[in-house]
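**Q** This is the structure I want to talk about, given as C-alpha coordinates.
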Amino acid sequence: MGDDPVGLLDVLLGLAVVAGAATALTARRRMGAVVSFLVLGVLLAVLWSRLGAPDVALAEAAIGTGVTGALFVDAVTRGPPAARPPGAVPGAVPGAGARAGVSGALAAVLLGAGLGTAFAGAAGAGAAPGGLTGQVLGRMDVAGVEHPVSAVLLNFRSYDTLLEVVVLFVAVLSVTATLGEERPRHPAPAARAATLVWFCRVMAPVLVLVAAWVLFAGSDRPGGAFQSGAVLAGALILMDTAGLGPGPDHGRLLRVALVVGPAAFLVVAAGGLVAEGEWLALDPVWAGGLIVAVETLLALSIGVALTVVFLALGRGRVSPP
Amino acid sequence: MSTLEWYLWVAAALLGLACVRLLLARDPLVRLIAINVAGSGSLLVLVALAARTDPPDPVLHALVLTGIVITVAFTGVGLVLLRRAEEAAEAPGEDGAAGNGEGP
(Lines give C-alpha, C1' and ligand atoms only; values in the text may rest on other atoms or scores of the structure.)
Protein backbone atom coordinates (compact mmCIF):
# COMPACT_ATOMS: atom_id res chain seq x y z
CA MET A 1 0.00 0.00 0.00
CA GLY A 2 3.02 2.26 0.34
CA ASP A 3 2.95 3.79 -3.13
CA ASP A 4 -0.81 4.31 -3.40
CA PRO A 5 -1.96 7.92 -3.28
CA VAL A 6 -3.07 8.83 0.21
CA GLY A 7 -6.78 8.16 0.85
CA LEU A 8 -9.35 10.16 2.79
CA LEU A 9 -9.39 7.66 5.67
CA ASP A 10 -5.61 7.89 6.04
CA VAL A 11 -5.73 11.69 6.05
CA LEU A 12 -8.46 11.75 8.72
CA LEU A 13 -6.72 9.12 10.85
CA GLY A 14 -3.38 10.94 10.63
CA LEU A 15 -4.94 14.28 11.54
CA ALA A 16 -6.83 12.69 14.45
CA VAL A 17 -3.60 11.17 15.79
CA VAL A 18 -1.76 14.50 15.58
CA ALA A 19 -4.71 16.31 17.20
CA GLY A 20 -4.87 13.70 19.99
CA ALA A 21 -1.14 14.05 20.63
CA ALA A 22 -1.36 17.86 20.65
CA THR A 23 -4.25 17.74 23.15
CA ALA A 24 -2.43 15.28 25.41
CA LEU A 25 0.73 17.38 25.35
CA THR A 26 -0.85 20.77 25.95
CA ALA A 27 -3.63 19.93 28.44
CA ARG A 28 -3.61 22.20 31.49
CA ARG A 29 -4.54 19.54 34.02
CA ARG A 30 -2.94 16.18 34.57
CA MET A 31 -6.21 14.27 34.24
CA GLY A 32 -6.94 15.97 30.90
CA ALA A 33 -3.49 15.07 29.61
CA VAL A 34 -3.85 11.44 30.70
CA VAL A 35 -7.33 10.99 29.22
CA SER A 36 -6.22 12.54 25.89
CA PHE A 37 -3.21 10.23 25.93
CA LEU A 38 -5.56 7.23 26.35
CA VAL A 39 -7.66 8.46 23.40
CA LEU A 40 -4.44 8.77 21.40
CA GLY A 41 -3.64 5.13 22.26
CA VAL A 42 -6.99 3.98 20.88
CA LEU A 43 -6.47 6.03 17.70
CA LEU A 44 -2.99 4.52 17.33
CA ALA A 45 -4.41 1.00 17.69
CA VAL A 46 -6.80 1.80 14.80
CA LEU A 47 -3.87 3.23 12.83
CA TRP A 48 -1.74 0.12 13.37
CA SER A 49 -4.49 -2.16 12.07
CA ARG A 50 -5.00 0.22 9.12
CA LEU A 51 -1.28 -0.21 8.31
CA GLY A 52 -1.59 -4.01 8.32
CA ALA A 53 -0.05 -4.56 11.76
CA PRO A 54 -2.69 -6.42 13.83
CA ASP A 55 -0.06 -7.70 16.29
CA VAL A 56 1.04 -4.16 17.01
CA ALA A 57 -2.59 -3.03 17.29
CA LEU A 58 -3.28 -5.77 19.87
CA ALA A 59 -0.16 -4.85 21.84
CA GLU A 60 -1.02 -1.14 21.68
CA ALA A 61 -4.55 -1.80 22.95
CA ALA A 62 -3.47 -4.21 25.70
CA ILE A 63 -0.10 -2.78 26.81
CA GLY A 64 0.28 0.71 25.36
CA THR A 65 -3.23 1.81 26.31
CA GLY A 66 -4.47 -0.79 28.81
CA VAL A 67 -1.59 -1.21 31.25
CA THR A 68 0.02 2.21 30.63
CA GLY A 69 -3.43 3.78 31.03
CA ALA A 70 -3.95 2.02 34.36
CA LEU A 71 -0.54 3.26 35.52
CA PHE A 72 -1.18 6.87 34.47
CA VAL A 73 -4.72 7.02 35.86
CA ASP A 74 -3.53 5.54 39.15
CA ALA A 75 -0.68 8.05 39.30
CA VAL A 76 -3.05 10.97 38.69
CA THR A 77 -5.98 9.93 40.88
CA ARG A 78 -3.91 8.90 43.90
CA GLY A 79 -1.22 11.57 43.55
CA PRO A 80 -1.52 15.31 44.07
CA PRO A 81 -3.53 17.15 41.38
CA ALA A 82 -0.44 18.94 40.07
CA ALA A 83 3.23 18.79 40.85
CA ARG A 84 3.14 22.24 42.44
CA PRO A 85 0.90 25.28 42.15
CA PRO A 86 1.57 27.16 38.90
CA GLY A 87 2.63 30.35 40.66
CA ALA A 88 5.19 28.70 42.88
CA VAL A 89 7.84 28.01 40.25
CA PRO A 90 11.08 29.55 41.47
CA GLY A 91 12.53 32.14 39.12
CA ALA A 92 9.40 32.43 36.95
CA VAL A 93 9.31 35.67 34.94
CA PRO A 94 5.88 37.23 34.14
CA GLY A 95 5.06 36.74 30.46
CA ALA A 96 7.70 34.05 30.06
CA GLY A 97 4.97 31.43 29.64
CA ALA A 98 3.55 33.04 26.51
CA ARG A 99 6.99 33.60 24.99
CA ALA A 100 7.97 30.00 25.75
CA GLY A 101 4.70 28.86 24.16
CA VAL A 102 5.37 30.74 20.91
CA SER A 103 9.00 29.69 20.66
CA GLY A 104 8.05 26.13 21.62
CA ALA A 105 5.43 25.97 18.87
CA LEU A 106 7.97 27.36 16.40
CA ALA A 107 10.55 24.80 17.48
CA ALA A 108 7.99 21.98 17.13
CA VAL A 109 7.07 23.10 13.58
CA LEU A 110 10.73 23.39 12.55
CA LEU A 111 11.68 20.06 14.10
CA GLY A 112 8.66 18.33 12.55
CA ALA A 113 9.34 19.87 9.12
CA GLY A 114 12.99 18.87 9.27
CA LEU A 115 12.25 15.31 10.35
CA GLY A 116 9.42 14.96 7.82
CA THR A 117 11.64 16.13 4.94
CA ALA A 118 14.37 13.74 6.06
CA PHE A 119 11.99 10.76 6.44
CA ALA A 120 10.24 11.37 3.11
CA GLY A 121 13.58 11.85 1.34
CA ALA A 122 15.04 8.69 2.85
CA ALA A 123 11.92 6.65 2.00
CA GLY A 124 11.98 7.93 -1.58
CA ALA A 125 15.64 7.00 -1.93
CA GLY A 126 15.09 3.48 -0.53
CA ALA A 127 16.64 1.12 -3.06
CA ALA A 128 15.25 -2.18 -1.78
CA PRO A 129 11.72 -1.75 -0.44
CA GLY A 130 11.51 -5.50 0.10
CA GLY A 131 13.03 -5.23 3.57
CA LEU A 132 13.46 -8.54 5.36
CA THR A 133 9.99 -9.88 4.43
CA GLY A 134 11.35 -12.29 1.82
CA GLN A 135 14.03 -13.69 4.10
CA VAL A 136 11.54 -14.37 6.91
CA LEU A 137 8.88 -15.90 4.65
CA GLY A 138 11.51 -18.08 3.00
CA ARG A 139 12.46 -19.65 6.34
CA MET A 140 8.96 -20.19 7.72
CA ASP A 141 9.22 -23.98 7.21
CA VAL A 142 11.84 -24.24 9.99
CA ALA A 143 10.28 -21.61 12.30
CA GLY A 144 8.07 -23.96 14.33
CA VAL A 145 5.14 -21.50 14.23
CA GLU A 146 3.05 -20.34 11.30
CA HIS A 147 2.76 -16.66 12.17
CA PRO A 148 5.76 -14.68 10.82
CA VAL A 149 5.85 -12.10 13.66
CA SER A 150 5.85 -14.86 16.31
CA ALA A 151 8.58 -16.66 14.35
CA VAL A 152 10.73 -13.50 14.38
CA LEU A 153 10.08 -12.83 18.07
CA LEU A 154 10.74 -16.32 19.42
CA ASN A 155 12.98 -17.96 16.87
CA PHE A 156 14.77 -15.81 14.28
CA ARG A 157 15.48 -12.85 16.56
CA SER A 158 14.76 -14.36 19.98
CA TYR A 159 17.83 -12.63 21.45
CA ASP A 160 15.92 -9.31 21.19
CA THR A 161 12.97 -10.84 22.99
CA LEU A 162 15.16 -12.34 25.72
CA LEU A 163 16.71 -8.94 26.43
CA GLU A 164 13.28 -7.28 26.28
CA VAL A 165 12.08 -9.62 29.03
CA VAL A 166 15.21 -8.76 31.00
CA VAL A 167 14.38 -5.03 30.65
CA LEU A 168 10.93 -5.72 32.08
CA PHE A 169 12.56 -7.68 34.90
CA VAL A 170 14.96 -4.79 35.66
CA ALA A 171 11.96 -2.44 35.76
CA VAL A 172 10.30 -4.68 38.37
CA LEU A 173 13.52 -4.76 40.42
CA SER A 174 13.77 -0.95 40.23
CA VAL A 175 10.21 -0.27 41.37
CA THR A 176 10.34 -2.83 44.18
CA ALA A 177 13.65 -1.30 45.31
CA THR A 178 11.83 2.00 45.94
CA LEU A 179 9.60 0.17 48.42
CA GLY A 180 12.51 -0.19 50.82
CA GLU A 181 12.14 -2.90 53.43
CA GLU A 182 8.92 -4.83 53.62
CA ARG A 183 6.35 -2.51 55.06
CA PRO A 184 3.08 -3.75 56.42
CA ARG A 185 0.40 -3.08 53.90
CA HIS A 186 -2.69 -1.45 55.24
CA PRO A 187 -5.66 -3.75 55.08
CA ALA A 188 -7.79 -2.80 52.13
CA PRO A 189 -10.86 -0.80 53.11
CA ALA A 190 -13.65 -3.26 53.66
CA ALA A 191 -16.33 -1.25 51.88
CA ARG A 192 -15.91 -2.16 48.22
CA ALA A 193 -18.92 -1.63 46.03
CA ALA A 194 -20.67 -4.98 45.77
CA THR A 195 -21.17 -4.45 42.03
CA LEU A 196 -17.41 -4.03 41.51
CA VAL A 197 -16.56 -7.17 43.48
CA TRP A 198 -19.23 -9.18 41.66
CA PHE A 199 -18.08 -7.83 38.27
CA CYS A 200 -14.47 -8.76 38.99
CA ARG A 201 -15.40 -12.24 40.16
CA VAL A 202 -17.23 -12.79 36.87
CA MET A 203 -14.68 -11.06 34.62
CA ALA A 204 -11.43 -12.45 36.04
CA PRO A 205 -11.91 -16.03 34.73
CA VAL A 206 -13.13 -14.65 31.38
CA LEU A 207 -10.00 -12.48 31.09
CA VAL A 208 -7.73 -15.42 31.96
CA LEU A 209 -9.47 -17.37 29.19
CA VAL A 210 -8.94 -14.46 26.76
CA ALA A 211 -5.26 -14.31 27.79
CA ALA A 212 -4.87 -18.03 27.07
CA TRP A 213 -6.60 -17.67 23.69
CA VAL A 214 -4.41 -14.71 22.69
CA LEU A 215 -1.35 -16.71 23.76
CA PHE A 216 -2.08 -19.80 21.67
CA ALA A 217 -3.46 -17.78 18.76
CA GLY A 218 0.07 -16.36 18.43
CA SER A 219 1.34 -19.52 16.76
CA ASP A 220 -0.67 -19.07 13.56
CA ARG A 221 -2.26 -15.59 13.71
CA PRO A 222 -1.76 -12.27 15.51
CA GLY A 223 -1.28 -12.71 19.26
CA GLY A 224 1.43 -14.02 21.51
CA ALA A 225 3.11 -13.85 24.90
CA PHE A 226 3.26 -10.08 25.31
CA GLN A 227 -0.36 -9.37 24.42
CA SER A 228 -1.45 -12.33 26.54
CA GLY A 229 0.66 -11.18 29.49
CA ALA A 230 -0.91 -7.73 29.23
CA VAL A 231 -4.43 -9.19 29.34
CA LEU A 232 -3.40 -11.24 32.37
CA ALA A 233 -2.03 -8.08 34.01
CA GLY A 234 -5.34 -6.37 33.21
CA ALA A 235 -7.20 -9.16 35.03
CA LEU A 236 -4.91 -8.93 38.07
CA ILE A 237 -5.10 -5.10 38.20
CA LEU A 238 -8.90 -5.26 37.95
CA MET A 239 -8.96 -7.79 40.80
CA ASP A 240 -6.73 -5.52 42.86
CA THR A 241 -9.22 -2.65 42.55
CA ALA A 242 -11.85 -4.99 44.04
CA GLY A 243 -9.55 -6.08 46.86
CA LEU A 244 -9.23 -9.58 45.35
CA GLY A 245 -5.73 -9.12 43.91
CA PRO A 246 -2.38 -10.42 45.11
CA GLY A 247 -1.74 -9.61 48.78
CA PRO A 248 1.32 -9.63 51.03
CA ASP A 249 1.15 -13.40 51.58
CA HIS A 250 1.42 -14.01 47.84
CA GLY A 251 4.95 -12.60 47.71
CA ARG A 252 6.67 -15.95 47.24
CA LEU A 253 4.19 -17.00 44.54
CA LEU A 254 4.70 -13.71 42.69
CA ARG A 255 8.49 -14.07 42.82
CA VAL A 256 8.30 -17.58 41.37
CA ALA A 257 5.93 -16.39 38.63
CA LEU A 258 8.26 -13.49 37.81
CA VAL A 259 11.36 -15.64 37.46
CA VAL A 260 9.90 -18.67 35.71
CA GLY A 261 9.54 -17.06 32.24
CA PRO A 262 13.04 -15.59 31.86
CA ALA A 263 14.49 -18.76 33.49
CA ALA A 264 12.73 -21.05 31.00
CA PHE A 265 13.90 -18.81 28.14
CA LEU A 266 17.51 -19.04 29.38
CA VAL A 267 17.25 -22.84 29.73
CA VAL A 268 16.00 -23.15 26.14
CA ALA A 269 18.73 -20.76 24.97
CA ALA A 270 21.41 -22.83 26.69
CA GLY A 271 19.80 -26.01 25.36
CA GLY A 272 20.37 -24.65 21.86
CA LEU A 273 24.05 -24.28 22.71
CA VAL A 274 24.23 -27.92 23.81
CA ALA A 275 22.07 -29.54 21.12
CA GLU A 276 22.62 -27.29 18.09
CA GLY A 277 25.98 -25.79 18.94
CA GLU A 278 24.56 -22.28 18.90
CA TRP A 279 23.11 -20.08 21.63
CA LEU A 280 19.28 -19.75 21.20
CA ALA A 281 19.19 -22.08 18.17
CA LEU A 282 16.07 -24.25 17.94
CA ASP A 283 15.87 -27.65 16.23
CA PRO A 284 13.00 -27.31 13.69
CA VAL A 285 11.53 -30.59 14.97
CA TRP A 286 11.18 -29.30 18.54
CA ALA A 287 10.81 -25.59 17.76
CA GLY A 288 6.99 -25.49 17.83
CA GLY A 289 6.63 -27.17 21.23
CA LEU A 290 9.51 -25.24 22.79
CA ILE A 291 8.18 -21.90 21.54
CA VAL A 292 4.70 -22.55 22.95
CA ALA A 293 6.19 -23.69 26.29
CA VAL A 294 8.46 -20.64 26.57
CA GLU A 295 5.64 -18.32 25.50
CA THR A 296 3.27 -19.71 28.12
CA LEU A 297 5.74 -19.16 30.97
CA LEU A 298 6.76 -15.77 29.53
CA ALA A 299 3.13 -14.64 29.41
CA LEU A 300 2.78 -15.51 33.10
CA SER A 301 5.97 -13.63 34.00
CA ILE A 302 5.06 -10.61 31.85
CA GLY A 303 1.57 -10.44 33.35
CA VAL A 304 2.92 -10.60 36.91
CA ALA A 305 5.72 -8.11 36.11
CA LEU A 306 3.28 -5.51 34.78
CA THR A 307 1.00 -6.09 37.79
CA VAL A 308 3.88 -5.68 40.27
CA VAL A 309 4.83 -2.34 38.68
CA PHE A 310 1.21 -1.23 39.07
CA LEU A 311 1.02 -2.43 42.69
CA ALA A 312 4.32 -0.75 43.57
CA LEU A 313 2.87 2.55 42.36
CA GLY A 314 0.09 2.43 44.97
CA ARG A 315 1.80 0.67 47.86
CA GLY A 316 4.99 2.49 48.67
CA ARG A 317 4.18 4.39 51.73
CA VAL A 318 2.25 3.52 54.81
CA SER A 319 -0.24 6.32 55.24
CA PRO A 320 -0.47 7.73 58.76
CA PRO A 321 -3.11 5.94 60.85
CA MET B 1 1.65 12.27 -1.85
CA SER B 2 1.86 8.55 -1.24
CA THR B 3 0.39 6.85 1.83
CA LEU B 4 3.90 6.07 3.06
CA GLU B 5 4.98 9.72 2.81
CA TRP B 6 1.80 10.91 4.55
CA TYR B 7 2.35 8.64 7.55
CA LEU B 8 6.02 9.58 7.71
CA TRP B 9 4.92 13.22 7.95
CA VAL B 10 2.42 12.31 10.70
CA ALA B 11 5.27 10.56 12.55
CA ALA B 12 7.47 13.64 12.12
CA ALA B 13 4.68 15.84 13.53
CA LEU B 14 4.32 13.54 16.58
CA LEU B 15 8.08 13.54 17.14
CA GLY B 16 8.39 17.31 16.75
CA LEU B 17 5.53 18.09 19.13
CA ALA B 18 6.58 15.52 21.71
CA CYS B 19 10.30 16.39 21.75
CA VAL B 20 9.56 20.08 22.28
CA ARG B 21 7.11 19.34 25.10
CA LEU B 22 9.62 16.90 26.61
CA LEU B 23 12.13 19.75 26.82
CA LEU B 24 9.76 22.54 27.87
CA ALA B 25 7.13 20.94 30.14
CA ARG B 26 7.51 21.62 33.87
CA ASP B 27 5.34 18.78 35.10
CA PRO B 28 7.32 15.50 35.07
CA LEU B 29 4.10 13.58 34.35
CA VAL B 30 3.64 15.59 31.12
CA ARG B 31 7.26 14.81 30.25
CA LEU B 32 6.52 11.09 30.65
CA ILE B 33 3.50 11.47 28.36
CA ALA B 34 5.69 13.39 25.89
CA ILE B 35 8.32 10.65 25.77
CA ASN B 36 5.52 8.11 25.21
CA VAL B 37 4.15 10.17 22.29
CA ALA B 38 7.65 10.54 20.85
CA GLY B 39 7.98 6.77 21.11
CA SER B 40 4.71 6.32 19.21
CA GLY B 41 6.07 8.65 16.51
CA SER B 42 9.17 6.52 16.00
CA LEU B 43 7.05 3.33 16.04
CA LEU B 44 4.87 4.90 13.32
CA VAL B 45 7.98 5.33 11.14
CA LEU B 46 8.73 1.62 11.53
CA VAL B 47 5.15 0.44 10.89
CA ALA B 48 4.79 2.75 7.86
CA LEU B 49 8.04 1.39 6.40
CA ALA B 50 6.93 -2.19 7.15
CA ALA B 51 3.77 -1.59 5.08
CA ARG B 52 5.83 -1.07 1.89
CA THR B 53 5.68 -4.80 1.14
CA ASP B 54 2.70 -7.11 1.06
CA PRO B 55 2.62 -8.91 3.50
CA PRO B 56 4.21 -6.26 5.76
CA ASP B 57 7.74 -6.77 7.09
CA PRO B 58 7.45 -9.05 10.20
CA VAL B 59 10.90 -8.04 11.51
CA LEU B 60 9.82 -4.39 11.82
CA HIS B 61 6.56 -5.44 13.48
CA ALA B 62 8.52 -7.52 16.01
CA LEU B 63 10.77 -4.50 16.68
CA VAL B 64 7.69 -2.34 17.28
CA LEU B 65 6.26 -4.89 19.73
CA THR B 66 9.57 -4.83 21.59
CA GLY B 67 9.41 -1.03 21.63
CA ILE B 68 5.91 -1.02 23.13
CA VAL B 69 6.96 -3.34 25.97
CA ILE B 70 10.12 -1.31 26.71
CA THR B 71 7.96 1.84 26.76
CA VAL B 72 5.58 0.47 29.38
CA ALA B 73 8.58 -0.70 31.45
CA PHE B 74 10.25 2.71 31.64
CA THR B 75 6.91 4.52 32.02
CA GLY B 76 6.14 2.37 35.05
CA VAL B 77 9.54 3.05 36.60
CA GLY B 78 9.17 6.78 35.85
CA LEU B 79 5.72 6.97 37.45
CA VAL B 80 6.84 5.10 40.58
CA LEU B 81 9.86 7.41 40.98
CA LEU B 82 7.60 10.43 40.41
CA ARG B 83 5.19 9.19 43.08
CA ARG B 84 8.01 8.65 45.59
CA ALA B 85 9.43 12.11 44.88
CA GLU B 86 6.03 13.74 45.36
CA GLU B 87 5.40 11.82 48.59
CA ALA B 88 8.75 13.01 49.89
CA ALA B 89 7.96 16.60 48.89
CA GLU B 90 4.50 16.46 50.46
CA ALA B 91 5.62 15.38 53.92
CA PRO B 92 9.18 16.56 54.57
CA GLY B 93 10.61 15.06 57.74
CA GLU B 94 7.36 13.30 58.55
CA ASP B 95 8.25 9.95 57.10
CA GLY B 96 8.72 7.97 60.28
CA ALA B 97 7.94 4.59 58.74
CA ALA B 98 11.28 3.68 57.25
CA GLY B 99 13.47 6.64 58.05
CA ASN B 100 14.72 7.19 54.50
CA GLY B 101 15.25 10.91 54.58
CA GLU B 102 15.21 11.87 50.91
CA GLY B 103 14.28 15.51 50.70
CA PRO B 104 12.18 17.05 47.93
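A note on labels: chains of the C-alpha coordinates are A, B, ... as shown, every chain counts residues from 1, and ligands are counted from 1 in their shown order.
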Taking only C-alpha atoms into account, which residues of chain B are within 6 Å of chain A, as a PyMOL selection string?
**A** chain B and resi 1-5+9-10+12-13+16-17+20+52-53+57-58+62+65+72-73+77+80
**Q** Using only C-alpha atoms, pick whichever of B:Leu43, B:Val37, B:Leu32, B:Leu63 has the shortest atom-to-atom distance to Leu81 in chain B.
**A**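 Nearest candidate to Leu81 in chain B out of B:Leu43, B:Val37, B:Leu32, B:Leu63: B:Leu32.
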**Q** To one decimal place in Å, what is the distance between CA of Glu146 in chain A and CA of Ser219 in chain A?
**A**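 Distance reported for this atom pair: 5.8 Å.
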**Q** Please, what distance in Å, to one decimal, runs between CA of Leu46 in chain B and CA of Leu60 in chain B?
**A**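 The value is 6.1 Å.
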